[in-house]
file coords-v4.pdb (PDB, C-alpha atoms)
ATOM      1  CA  MET A  16     149.776-184.289 -31.560
ATOM      2  CA  GLY A  17     151.838-181.124 -31.726
ATOM      3  CA  VAL A  18     152.529-178.996 -34.792
ATOM      4  CA  MET A  19     156.018-180.493 -35.162
ATOM      5  CA  GLY A  20     154.572-183.999 -34.990
ATOM      6  CA  SER A  21     152.048-183.200 -37.709
ATOM      7  CA  PHE A  22     154.783-181.752 -39.931
ATOM      8  CA  LYS A  23     156.946-184.802 -39.326
ATOM      9  CA  LYS A  24     154.147-187.166 -40.344
ATOM     10  CA  PHE A  25     153.285-185.014 -43.369
ATOM     11  CA  PHE A  26     156.874-185.016 -44.680
ATOM     12  CA  LYS A  27     157.241-188.706 -43.899
ATOM     13  CA  ARG A  28     154.166-189.431 -46.016
ATOM     14  CA  LEU A  29     155.372-187.107 -48.759
ATOM     15  CA  PHE A  30     158.924-188.396 -49.119
ATOM     16  CA  ASN A  31     158.921-191.845 -47.608
ATOM     17  CA  LYS A  32     156.275-194.036 -49.160
ATOM     18  CA  LYS A  33     157.969-197.249 -48.035
ATOM     19  CA  ASN A  34     156.283-199.129 -45.191
ATOM     20  CA  ALA A  35     158.415-200.109 -42.210
ATOM     21  CA  ARG A  36     159.535-203.726 -42.575
ATOM     22  CA  ILE A  37     158.958-205.557 -39.311
ATOM     23  CA  GLY A  38     160.255-209.082 -38.778
ATOM     24  CA  ILE A  39     158.609-211.514 -36.384
ATOM     25  CA  TYR A  40     161.447-213.469 -34.792
ATOM     26  CA  GLY A  41     161.916-216.040 -32.082
ATOM     27  CA  PRO A  42     162.870-219.617 -31.311
ATOM     28  CA  PRO A  43     160.901-222.496 -32.888
ATOM     29  CA  ASN A  44     157.420-222.999 -31.396
ATOM     30  CA  ALA A  45     157.279-219.623 -29.654
ATOM     31  CA  GLY A  46     154.104-218.752 -31.563
ATOM     32  CA  LYS A  47     155.427-216.484 -34.331
ATOM     33  CA  THR A  48     153.066-217.708 -37.045
ATOM     34  CA  THR A  49     150.151-217.795 -34.596
ATOM     35  CA  LEU A  50     150.826-214.108 -33.915
ATOM     36  CA  ALA A  51     151.274-213.322 -37.628
ATOM     37  CA  ASN A  52     147.970-215.056 -38.326
ATOM     38  CA  ARG A  53     146.286-213.105 -35.536
ATOM     39  CA  ILE A  54     147.570-209.771 -36.942
ATOM     40  CA  LEU A  55     146.503-210.617 -40.475
ATOM     41  CA  ARG A  56     143.097-211.957 -39.456
ATOM     42  CA  ASP A  57     142.431-208.845 -37.382
ATOM     43  CA  TRP A  58     143.463-206.356 -40.068
ATOM     44  CA  THR A  59     143.189-208.082 -43.450
ATOM     45  CA  GLY A  60     140.854-211.004 -42.804
ATOM     46  CA  ASP A  61     143.535-213.347 -44.161
ATOM     47  CA  ALA A  62     146.183-215.686 -42.647
ATOM     48  CA  MET A  63     149.961-216.022 -42.964
ATOM     49  CA  GLY A  64     150.576-219.760 -42.699
ATOM     50  CA  SER A  65     149.919-223.072 -40.987
ATOM     51  CA  VAL A  66     150.894-223.776 -37.385
ATOM     52  CA  SER A  67     151.912-227.030 -35.726
ATOM     53  CA  HIS A  68     153.129-228.347 -32.369
ATOM     54  CA  ILE A  69     156.121-229.830 -34.245
ATOM     55  CA  ALA A  70     159.018-227.387 -34.358
ATOM     56  CA  HIS A  71     160.108-225.727 -37.610
ATOM     57  CA  GLU A  72     156.654-225.774 -39.211
ATOM     58  CA  THR A  73     157.564-222.456 -40.869
ATOM     59  CA  ARG A  74     160.621-223.111 -43.018
ATOM     60  CA  ARG A  75     160.344-220.196 -45.431
ATOM     61  CA  ALA A  76     160.023-216.520 -44.537
ATOM     62  CA  ARG A  77     156.660-215.083 -45.569
ATOM     63  CA  ARG A  78     156.077-211.424 -46.228
ATOM     64  CA  ARG A  79     152.784-209.572 -46.238
ATOM     65  CA  GLU A  80     152.983-206.001 -47.474
ATOM     66  CA  GLY A  81     150.897-203.035 -46.420
ATOM     67  CA  VAL A  82     149.166-204.351 -43.313
ATOM     68  CA  THR A  83     147.385-201.330 -41.849
ATOM     69  CA  ILE A  84     146.969-201.380 -38.093
ATOM     70  CA  GLN A  85     144.724-198.865 -36.397
ATOM     71  CA  SER A  86     145.471-197.830 -32.865
ATOM     72  CA  ASN A  87     144.913-194.821 -30.610
ATOM     73  CA  GLY A  88     142.952-192.979 -33.298
ATOM     74  CA  GLY A  89     145.756-193.282 -35.891
ATOM     75  CA  SER A  90     146.957-195.931 -38.289
ATOM     76  CA  ILE A  91     150.280-197.345 -39.457
ATOM     77  CA  SER A  92     151.061-199.450 -42.472
ATOM     78  CA  LEU A  93     153.672-202.185 -42.086
ATOM     79  CA  ASP A  94     155.261-204.938 -44.135
ATOM     80  CA  ILE A  95     155.213-207.981 -41.874
ATOM     81  CA  ILE A  96     157.735-210.787 -42.283
ATOM     82  CA  ASP A  97     157.028-214.052 -40.490
ATOM     83  CA  THR A  98     160.405-215.767 -40.194
ATOM     84  CA  PRO A  99     161.320-219.417 -39.565
ATOM     85  CA  GLY A 100     162.326-220.230 -35.991
ATOM     86  CA  LEU A 101     165.955-219.457 -35.236
ATOM     87  CA  ALA A 102     168.083-222.246 -33.792
ATOM     88  CA  THR A 103     171.756-223.129 -33.367
ATOM     89  CA  LYS A 104     171.154-226.859 -33.808
ATOM     90  CA  ILE A 105     168.743-229.031 -35.783
ATOM     91  CA  ASP A 106     168.734-232.769 -35.187
ATOM     92  CA  PHE A 107     166.454-234.849 -37.414
ATOM     93  CA  HIS A 108     166.115-237.446 -34.621
ATOM     94  CA  GLU A 109     163.899-234.989 -32.737
ATOM     95  CA  PHE A 110     161.354-235.087 -35.577
ATOM     96  CA  MET A 111     161.482-238.903 -35.603
ATOM     97  CA  GLU A 112     160.641-238.903 -31.895
ATOM     98  CA  LEU A 113     157.461-237.031 -32.832
ATOM     99  CA  GLY A 114     156.382-239.766 -35.237
ATOM    100  CA  MET A 115     157.894-238.752 -38.569
ATOM    101  CA  ASN A 116     159.735-241.348 -40.632
ATOM    102  CA  GLU A 117     163.484-240.977 -41.234
ATOM    103  CA  ALA A 118     163.293-239.610 -44.776
ATOM    104  CA  GLU A 119     160.617-237.094 -43.831
ATOM    105  CA  SER A 120     162.586-236.052 -40.725
ATOM    106  CA  LYS A 121     165.796-235.516 -42.681
ATOM    107  CA  ARG A 122     163.954-233.478 -45.296
ATOM    108  CA  ARG A 123     162.323-231.320 -42.631
ATOM    109  CA  ALA A 124     165.695-230.832 -40.901
ATOM    110  CA  LYS A 125     167.337-229.801 -44.180
ATOM    111  CA  GLU A 126     164.543-227.332 -44.953
ATOM    112  CA  ALA A 127     164.725-226.013 -41.384
ATOM    113  CA  THR A 128     168.456-225.224 -41.780
ATOM    114  CA  GLU A 129     167.656-223.268 -44.946
ATOM    115  CA  GLY A 130     164.893-221.452 -43.072
ATOM    116  CA  VAL A 131     167.275-220.383 -40.310
ATOM    117  CA  ILE A 132     169.717-219.010 -42.907
ATOM    118  CA  GLU A 133     166.884-217.059 -44.515
ATOM    119  CA  ALA A 134     165.787-215.652 -41.141
ATOM    120  CA  VAL A 135     169.352-214.520 -40.335
ATOM    121  CA  LYS A 136     169.690-212.833 -43.746
ATOM    122  CA  TRP A 137     166.428-210.940 -43.206
ATOM    123  CA  LEU A 138     167.900-209.345 -40.060
ATOM    124  CA  GLU A 139     169.946-207.030 -42.295
ATOM    125  CA  ASN A 140     166.890-205.747 -44.147
ATOM    126  CA  LEU A 141     164.479-204.799 -41.402
ATOM    127  CA  ASP A 142     163.330-201.604 -39.756
ATOM    128  CA  GLY A 143     162.311-203.315 -36.519
ATOM    129  CA  VAL A 144     161.664-206.642 -34.853
ATOM    130  CA  ILE A 145     158.866-208.218 -32.858
ATOM    131  CA  LEU A 146     160.657-210.873 -30.799
ATOM    132  CA  VAL A 147     158.246-213.584 -29.706
ATOM    133  CA  MET A 148     159.200-215.538 -26.590
ATOM    134  CA  ASP A 149     157.383-218.495 -25.101
ATOM    135  CA  ALA A 150     156.460-217.278 -21.609
ATOM    136  CA  THR A 151     156.531-220.862 -20.306
ATOM    137  CA  GLU A 152     160.233-221.225 -21.221
ATOM    138  CA  ASP A 153     163.509-219.835 -19.894
ATOM    139  CA  PRO A 154     163.966-216.446 -21.638
ATOM    140  CA  TYR A 155     167.789-216.568 -21.686
ATOM    141  CA  THR A 156     168.050-218.612 -24.875
ATOM    142  CA  GLN A 157     170.883-217.868 -27.256
ATOM    143  CA  VAL A 158     168.393-217.003 -30.003
ATOM    144  CA  ASN A 159     166.835-214.302 -27.841
ATOM    145  CA  VAL A 160     170.231-212.953 -26.791
ATOM    146  CA  THR A 161     171.491-212.850 -30.410
ATOM    147  CA  VAL A 162     168.385-211.179 -31.861
ATOM    148  CA  ILE A 163     168.298-208.555 -29.114
ATOM    149  CA  GLY A 164     172.041-207.926 -29.528
ATOM    150  CA  ASN A 165     171.630-207.404 -33.268
ATOM    151  CA  MET A 166     168.795-204.918 -32.795
ATOM    152  CA  GLU A 167     170.788-203.035 -30.150
ATOM    153  CA  ALA A 168     173.882-202.919 -32.376
ATOM    154  CA  ARG A 169     171.836-201.529 -35.260
ATOM    155  CA  ASN A 170     169.880-199.210 -32.972
ATOM    156  CA  LEU A 171     166.582-200.503 -34.379
ATOM    157  CA  PRO A 172     163.278-200.682 -32.478
ATOM    158  CA  LEU A 173     162.411-203.940 -30.775
ATOM    159  CA  LEU A 174     159.219-205.105 -29.122
ATOM    160  CA  ILE A 175     159.345-208.234 -26.980
ATOM    161  CA  VAL A 176     156.186-210.325 -26.886
ATOM    162  CA  ALA A 177     155.722-212.709 -23.958
ATOM    163  CA  ASN A 178     153.401-215.194 -25.646
ATOM    164  CA  LYS A 179     151.287-218.097 -24.358
ATOM    165  CA  THR A 180     149.973-216.278 -21.283
ATOM    166  CA  ASP A 181     146.878-218.477 -21.558
ATOM    167  CA  LEU A 182     148.982-221.307 -20.104
ATOM    168  CA  PRO A 183     149.023-221.492 -16.275
ATOM    169  CA  GLU A 184     152.794-222.084 -16.105
ATOM    170  CA  SER A 185     153.578-218.926 -18.100
ATOM    171  CA  SER A 186     155.607-216.142 -16.492
ATOM    172  CA  ALA A 187     155.795-212.866 -18.372
ATOM    173  CA  THR A 188     157.566-211.385 -15.345
ATOM    174  CA  SER A 189     160.655-213.532 -15.880
ATOM    175  CA  ILE A 190     160.927-212.190 -19.448
ATOM    176  CA  ARG A 191     160.553-208.609 -18.272
ATOM    177  CA  GLU A 192     163.235-209.167 -15.626
ATOM    178  CA  ALA A 193     165.597-210.773 -18.152
ATOM    179  CA  PHE A 194     165.480-207.892 -20.644
ATOM    180  CA  PRO A 195     164.341-204.832 -18.676
ATOM    181  CA  GLN A 196     165.853-202.383 -21.177
ATOM    182  CA  HIS A 197     163.246-203.233 -23.841
ATOM    183  CA  PRO A 198     159.463-202.789 -24.018
ATOM    184  CA  MET A 199     157.465-205.962 -23.486
ATOM    185  CA  VAL A 200     153.839-206.895 -23.867
ATOM    186  CA  ALA A 201     152.298-210.107 -22.519
ATOM    187  CA  ILE A 202     149.710-211.738 -24.783
ATOM    188  CA  SER A 203     148.119-214.967 -25.871
ATOM    189  CA  ALA A 204     148.294-214.888 -29.672
ATOM    190  CA  LEU A 205     146.139-218.012 -29.726
ATOM    191  CA  GLU A 206     143.275-216.549 -27.704
ATOM    192  CA  GLY A 207     143.794-212.880 -28.546
ATOM    193  CA  LYS A 208     144.324-211.999 -24.887
ATOM    194  CA  ASN A 209     145.701-208.441 -24.423
ATOM    195  CA  ILE A 210     146.027-208.079 -28.204
ATOM    196  CA  ASP A 211     144.818-204.454 -28.222
ATOM    197  CA  THR A 212     147.697-203.481 -25.924
ATOM    198  CA  PHE A 213     150.009-205.261 -28.358
ATOM    199  CA  TYR A 214     148.676-203.168 -31.278
ATOM    200  CA  ASP A 215     149.107-199.985 -29.223
ATOM    201  CA  GLU A 216     152.747-200.923 -28.578
ATOM    202  CA  VAL A 217     153.312-201.789 -32.267
ATOM    203  CA  ALA A 218     151.966-198.366 -33.278
ATOM    204  CA  LYS A 219     154.110-196.663 -30.654
ATOM    205  CA  ARG A 220     157.362-198.480 -31.506
ATOM    206  CA  PHE A 221     157.147-198.773 -35.302
ATOM    207  CA  GLY A 222     154.841-195.945 -36.315
TER     208      GLY A 222
ATOM    209  CA  MET B   1     188.329-227.464 -24.046
ATOM    210  CA  ASP B   2     190.188-224.414 -25.329
ATOM    211  CA  LEU B   3     190.165-221.050 -23.607
ATOM    212  CA  VAL B   4     190.614-218.487 -26.367
ATOM    213  CA  SER B   5     192.016-215.115 -25.388
ATOM    214  CA  GLU B   6     190.620-211.801 -26.563
ATOM    215  CA  ASP B   7     193.949-211.052 -28.287
ATOM    216  CA  ARG B   8     193.868-214.256 -30.326
ATOM    217  CA  LEU B   9     190.439-213.469 -31.792
ATOM    218  CA  ALA B  10     191.151-209.748 -32.168
ATOM    219  CA  LYS B  11     193.858-210.553 -34.712
ATOM    220  CA  MET B  12     191.341-212.329 -36.964
ATOM    221  CA  GLN B  13     188.927-210.877 -39.476
ATOM    222  CA  PRO B  14     185.248-211.724 -38.740
ATOM    223  CA  VAL B  15     185.164-214.395 -41.444
ATOM    224  CA  GLU B  16     188.366-215.978 -40.077
ATOM    225  CA  LYS B  17     186.916-216.045 -36.563
ATOM    226  CA  ILE B  18     183.795-217.862 -37.730
ATOM    227  CA  ARG B  19     185.804-220.351 -39.796
ATOM    228  CA  PHE B  20     188.149-220.985 -36.850
ATOM    229  CA  ILE B  21     185.244-221.596 -34.467
ATOM    230  CA  ILE B  22     183.383-223.904 -36.852
ATOM    231  CA  ASP B  23     186.533-225.936 -37.611
ATOM    232  CA  GLU B  24     187.391-226.350 -33.929
ATOM    233  CA  ILE B  25     183.855-227.348 -33.000
ATOM    234  CA  LYS B  26     183.610-229.867 -35.820
ATOM    235  CA  ASP B  27     186.809-231.351 -34.382
ATOM    236  CA  GLY B  28     184.872-231.857 -31.154
ATOM    237  CA  LYS B  29     186.376-229.004 -29.156
ATOM    238  CA  ILE B  30     184.576-226.745 -26.723
ATOM    239  CA  LEU B  31     185.688-223.137 -26.876
ATOM    240  CA  VAL B  32     185.493-220.538 -24.165
ATOM    241  CA  LEU B  33     185.940-217.126 -25.791
ATOM    242  CA  GLU B  34     187.246-214.567 -23.318
ATOM    243  CA  LYS B  35     185.547-211.651 -25.052
ATOM    244  CA  GLY B  36     182.842-213.398 -27.043
ATOM    245  CA  LEU B  37     181.538-212.367 -30.442
ATOM    246  CA  THR B  38     179.631-209.322 -31.604
ATOM    247  CA  PRO B  39     175.889-209.888 -32.169
ATOM    248  CA  GLU B  40     176.503-209.699 -35.936
ATOM    249  CA  GLU B  41     179.230-212.358 -35.653
ATOM    250  CA  GLU B  42     176.900-214.542 -33.579
ATOM    251  CA  ALA B  43     174.275-214.295 -36.333
ATOM    252  CA  THR B  44     176.882-215.155 -38.975
ATOM    253  CA  LEU B  45     178.028-218.125 -36.882
ATOM    254  CA  ILE B  46     174.447-219.409 -36.677
ATOM    255  CA  GLU B  47     174.105-218.993 -40.445
ATOM    256  CA  MET B  48     177.396-220.779 -41.172
ATOM    257  CA  THR B  49     176.529-223.564 -38.716
ATOM    258  CA  MET B  50     173.330-224.274 -40.627
ATOM    259  CA  THR B  51     175.309-224.832 -43.828
ATOM    260  CA  GLN B  52     177.489-227.419 -42.038
ATOM    261  CA  ILE B  53     174.737-229.582 -40.525
ATOM    262  CA  GLU B  54     174.856-233.192 -41.759
ATOM    263  CA  PRO B  55     172.466-235.917 -40.585
ATOM    264  CA  ASP B  56     174.240-238.467 -38.335
ATOM    265  CA  ASP B  57     177.410-236.361 -38.341
ATOM    266  CA  PHE B  58     177.003-232.769 -37.151
ATOM    267  CA  SER B  59     173.728-231.449 -35.714
ATOM    268  CA  GLY B  60     174.908-227.948 -34.889
ATOM    269  CA  ILE B  61     176.312-225.995 -31.981
ATOM    270  CA  GLU B  62     175.415-225.037 -28.465
ATOM    271  CA  MET B  63     176.361-221.404 -27.913
ATOM    272  CA  GLU B  64     175.885-219.495 -24.715
ATOM    273  CA  SER B  65     176.671-215.855 -24.237
ATOM    274  CA  TYR B  66     175.362-213.369 -21.704
ATOM    275  CA  PRO B  67     172.945-210.660 -22.783
ATOM    276  CA  SER B  68     175.042-207.910 -24.345
ATOM    277  CA  GLN B  69     175.568-204.538 -22.747
ATOM    278  CA  SER B  70     175.286-201.409 -24.858
ATOM    279  CA  ASP B  71     177.547-198.401 -24.435
ATOM    280  CA  THR B  72     175.985-195.563 -26.358
ATOM    281  CA  SER B  73     178.803-193.171 -27.106
ATOM    282  CA  PHE B  74     178.410-189.711 -28.615
ATOM    283  CA  LEU B  75     179.799-191.009 -31.917
ATOM    284  CA  GLY B  76     177.471-193.995 -31.745
ATOM    285  CA  LYS B  77     174.496-191.703 -31.220
ATOM    286  CA  LEU B  78     175.658-189.573 -34.134
ATOM    287  CA  LEU B  79     175.988-192.620 -36.397
ATOM    288  CA  LYS B  80     172.835-194.159 -34.899
ATOM    289  CA  LYS B  81     174.862-197.227 -34.019
ATOM    290  CA  ASN B  82     175.324-198.561 -30.503
ATOM    291  CA  VAL B  83     178.609-199.968 -29.319
ATOM    292  CA  VAL B  84     177.749-203.378 -27.900
ATOM    293  CA  ARG B  85     180.096-204.674 -25.231
ATOM    294  CA  THR B  86     180.605-208.388 -25.859
ATOM    295  CA  ARG B  87     180.979-210.842 -23.007
ATOM    296  CA  LEU B  88     182.360-214.298 -22.333
ATOM    297  CA  THR B  89     180.896-216.962 -24.612
ATOM    298  CA  VAL B  90     180.961-220.750 -24.542
ATOM    299  CA  ILE B  91     180.533-222.646 -27.812
ATOM    300  CA  GLY B  92     180.654-226.381 -28.467
ATOM    301  CA  PRO B  93     179.174-229.202 -30.528
ATOM    302  CA  ALA B  94     175.474-229.668 -29.726
ATOM    303  CA  ASN B  95     176.075-233.334 -28.839
ATOM    304  CA  LYS B  96     178.776-232.497 -26.267
ATOM    305  CA  LEU B  97     177.665-229.292 -24.593
ATOM    306  CA  LYS B  98     174.332-228.773 -22.919
ATOM    307  CA  THR B  99     173.195-225.693 -21.073
ATOM    308  CA  LEU B 100     171.575-226.483 -17.756
ATOM    309  CA  LYS B 101     170.749-223.018 -16.559
ATOM    310  CA  LYS B 102     171.486-219.502 -17.593
ATOM    311  CA  ASP B 103     170.761-216.075 -16.262
ATOM    312  CA  ARG B 104     172.103-212.556 -16.710
ATOM    313  CA  ASP B 105     175.468-213.299 -15.073
ATOM    314  CA  MET B 106     175.795-217.081 -14.733
ATOM    315  CA  ILE B 107     175.898-220.006 -17.162
ATOM    316  CA  SER B 108     175.742-223.617 -15.933
ATOM    317  CA  ALA B 109     176.595-226.183 -18.582
ATOM    318  CA  LEU B 110     177.140-229.916 -18.790
ATOM    319  CA  VAL B 111     180.036-231.163 -20.897
ATOM    320  CA  SER B 112     179.876-234.713 -22.138
ATOM    321  CA  SER B 113     182.898-236.634 -23.424
ATOM    322  CA  LYS B 114     181.010-239.063 -25.685
TER     323      LYS B 114
END

call {"tool": "encode", "arguments": {"input": "coords-v4.pdb", "output": "structure tokens"}}
result
Amino acid sequence: MGVMGSFKKFFKRLFNKKNARIGIYGPPNAGKTTLANRILRDWTGDAMGSVSHIAHETRRARRREGVTIQSNGGSISLDIIDTPGLATKIDFHEFMELGMNEAESKRRAKEATEGVIEAVKWLENLDGVILVMDATEDPYTQVNVTVIGNMEARNLPLLIVANKTDLPESSATSIREAFPQHPMVAISALEGKNIDTFYDEVAKRFG
Amino acid sequence: MDLVSEDRLAKMQPVEKIRFIIDEIKDGKILVLEKGLTPEEEATLIEMTMTQIEPDDFSGIEMESYPSQSDTSFLGKLLKKNVVRTRLTVIGPANKLKTLKKDRDMISALVSSK
């Protein structure tokens, strides 16, 4: 690191004690909470929340302050916000098809709508976003387009994560081709595959 | 289906645009917006849609816009704000509009009349 870089870091530490607030965003079931759990387990020994194959398991944003990530001989401290999955529609019938009763499905749908509102509101209070995409799905979803557009409009750093690369049908390449203007890292949050590269990118983008 | 010109939306304040879109969609219309919405307006539309969802009545919207294109002007760089060029957007009730395929420059959608 050059002299200027050292000065910059020194003054940043001196005058800016606040950690960067990084939101983990993405569509439902992309693996946001699995990634948040992986980060917390690796660096704090704790977990963020429960995960499920049923969409909208996370219906409240959860924040963990001061998560220190070490990478490339340095360290950065972040506040990590795991947000509910963003969606433009929520139909309680989809939960019933997965075995929930009607009352339970309607309650989950109602809570999911509140979660989406909370996730949208958080967008205005972040310093950067980790956008988690399911690498087995089409990347051109409206949620992805809207989150990327908001980060571009605010000129805030964005890191795209192509998740679920442990699955044979995954294609990180299609995500890279869809949004070539942004950095992307392909991982399996579940298995920890390529997670060190992910931490290097986090340090580079948000440090 | 209504094709909404850029001029028509440009006359509205952001909150009016969102209200107009939600009202039209709840009436069962599909809107094609010539110039689309800004990313911030898209986020507000998602937020407002969530407040309108009613079981057995309105399950939300299907919205499809192309990835935005940023024009970073000198002023934008100075203000640390990019100018995002908005593009054509299709919005409709989730039970009437379904996206079949989408890529950077093409949207294929199925419109149902039920």

call {"tool": "resolve_selection", "arguments": {"input": "coords-v4.pdb", "expression": "the PyMOL selection byres ((chain B and resi 62) around 7)", "output": "list in words"}}
result
Thr103 of chain A; Ile61, Met63, Glu64, Ile91, Gly92, Pro93, Ala94, Leu97 and Lys98 of chain B

call {"tool": "interface_residues", "arguments": {"input": "coords-v4.pdb", "of": "chain B", "to": "chain A", "cutoff": "7 Å", "atoms": "all atoms listed in the file", "output": "PyMOL selection string"}}
result
chain B and resi 39-40+42-43+46-47+50+55+59-65+67-68+80-84+94+102-104

call {"tool": "closest_residue", "arguments": {"input": "coords-v4.pdb", "among": "A:Thr73, A:Ser203, A:Gln85, A:Thr151", "to": "Ser189 of chain A", "atoms": "only C-alpha atoms"}}
result
A:Thr151

call {"tool": "residues_around", "arguments": {"input": "coords-v4.pdb", "residues": "segment 38-53 of chain A", "least_positions_apart": "2", "cutoff": "7 Å", "atoms": "only C-alpha atoms", "output": "number ranges by chain"}}
result
A: 36, 55-57, 62-64, 66, 68, 70-71, 95-98, 100-102, 141, 143-149, 158-159, 178, 204-205

call {"tool": "resolve_selection", "arguments": {"input": "coords-v4.pdb", "expression": "the PyMOL selection byres ((chain A and resi 198) around 12)", "output": "list of chain:residue names"}}
result
A:Val144, A:Ile145, A:Leu146, A:Ile163, A:Pro172, A:Leu173, A:Leu174, A:Ile175, A:Val176, A:Ala177, A:Ile190, A:Arg191, A:Glu192, A:Ala193, A:Phe194, A:Pro195, A:Gln196, A:His197, A:Met199, A:Val200, A:Ala201, A:Thr212, A:Phe213, A:Asp215, A:Glu216, A:Val217, A:Lys219, A:Arg220

call {"tool": "atom_distance", "arguments": {"input": "coords-v4.pdb", "atom1": "atom CA of Thr38 of chain B", "atom2": "atom CA of Val15 of chain B"}}
result
12.4 Å

call {"tool": "atom_distance", "arguments": {"input": "coords-v4.pdb", "atom1": "atom CA of Ile202 of chain A", "atom2": "atom CA of Pro99 of chain A"}}
result
20.3 Å

call {"tool": "residues_around", "arguments": {"input": "coords-v4.pdb", "residues": "segment 22-25 of chain B", "least_positions_apart": "3", "cutoff": "9 Å", "atoms": "only C-alpha atoms", "output": "PDB file with C-alpha atoms, in the frame of the given file"}}
result
ATOM      1  CA  LYS B  17     186.916-216.045 -36.563  1.00  0.00           C
ATOM      2  CA  ILE B  18     183.795-217.862 -37.730  1.00  0.00           C
ATOM      3  CA  ARG B  19     185.804-220.351 -39.796  1.00  0.00           C
ATOM      4  CA  GLY B  28     184.872-231.857 -31.154  1.00  0.00           C
ATOM      5  CA  LYS B  29     186.376-229.004 -29.156  1.00  0.00           C
ATOM      6  CA  ILE B  30     184.576-226.745 -26.723  1.00  0.00           C
ATOM      7  CA  LEU B  31     185.688-223.137 -26.876  1.00  0.00           C
ATOM      8  CA  LEU B  45     178.028-218.125 -36.882  1.00  0.00           C
ATOM      9  CA  MET B  48     177.396-220.779 -41.172  1.00  0.00           C
ATOM     10  CA  THR B  49     176.529-223.564 -38.716  1.00  0.00           C
ATOM     11  CA  GLN B  52     177.489-227.419 -42.038  1.00  0.00           C
ATOM     12  CA  ILE B  61     176.312-225.995 -31.981  1.00  0.00           C
ATOM     13  CA  ILE B  91     180.533-222.646 -27.812  1.00  0.00           C
ATOM     14  CA  GLY B  92     180.654-226.381 -28.467  1.00  0.00           C
ATOM     15  CA  PRO B  93     179.174-229.202 -30.528  1.00  0.00           C
TER      16      PRO B  93
END

call {"tool": "atom_distance", "arguments": {"input": "coords-v4.pdb", "atom1": "atom CA of Tyr214 of chain A", "atom2": "atom CA of Ser86 of chain A"}}
result
6.4 Å

call {"tool": "resolve_selection", "arguments": {"input": "coords-v4.pdb", "expression": "the PyMOL selection byres ((chain B and resi 7-12) around 12)", "output": "PDB file with C-alpha atoms, in the frame of the given file"}}
result
ATOM      1  CA  ASP B   2     190.188-224.414 -25.329  1.00  0.00           C
ATOM      2  CA  LEU B   3     190.165-221.050 -23.607  1.00  0.00           C
ATOM      3  CA  VAL B   4     190.614-218.487 -26.367  1.00  0.00           C
ATOM      4  CA  SER B   5     192.016-215.115 -25.388  1.00  0.00           C
ATOM      5  CA  GLU B   6     190.620-211.801 -26.563  1.00  0.00           C
ATOM      6  CA  GLN B  13     188.927-210.877 -39.476  1.00  0.00           C
ATOM      7  CA  PRO B  14     185.248-211.724 -38.740  1.00  0.00           C
ATOM      8  CA  VAL B  15     185.164-214.395 -41.444  1.00  0.00           C
ATOM      9  CA  GLU B  16     188.366-215.978 -40.077  1.00  0.00           C
ATOM     10  CA  LYS B  17     186.916-216.045 -36.563  1.00  0.00           C
ATOM     11  CA  ILE B  18     183.795-217.862 -37.730  1.00  0.00           C
ATOM     12  CA  ARG B  19     185.804-220.351 -39.796  1.00  0.00           C
ATOM     13  CA  PHE B  20     188.149-220.985 -36.850  1.00  0.00           C
ATOM     14  CA  ILE B  21     185.244-221.596 -34.467  1.00  0.00           C
ATOM     15  CA  LEU B  31     185.688-223.137 -26.876  1.00  0.00           C
ATOM     16  CA  VAL B  32     185.493-220.538 -24.165  1.00  0.00           C
ATOM     17  CA  LEU B  33     185.940-217.126 -25.791  1.00  0.00           C
ATOM     18  CA  GLU B  34     187.246-214.567 -23.318  1.00  0.00           C
ATOM     19  CA  LYS B  35     185.547-211.651 -25.052  1.00  0.00           C
ATOM     20  CA  GLY B  36     182.842-213.398 -27.043  1.00  0.00           C
ATOM     21  CA  LEU B  37     181.538-212.367 -30.442  1.00  0.00           C
ATOM     22  CA  THR B  38     179.631-209.322 -31.604  1.00  0.00           C
ATOM     23  CA  GLU B  41     179.230-212.358 -35.653  1.00  0.00           C
TER      24      GLU B  41
END
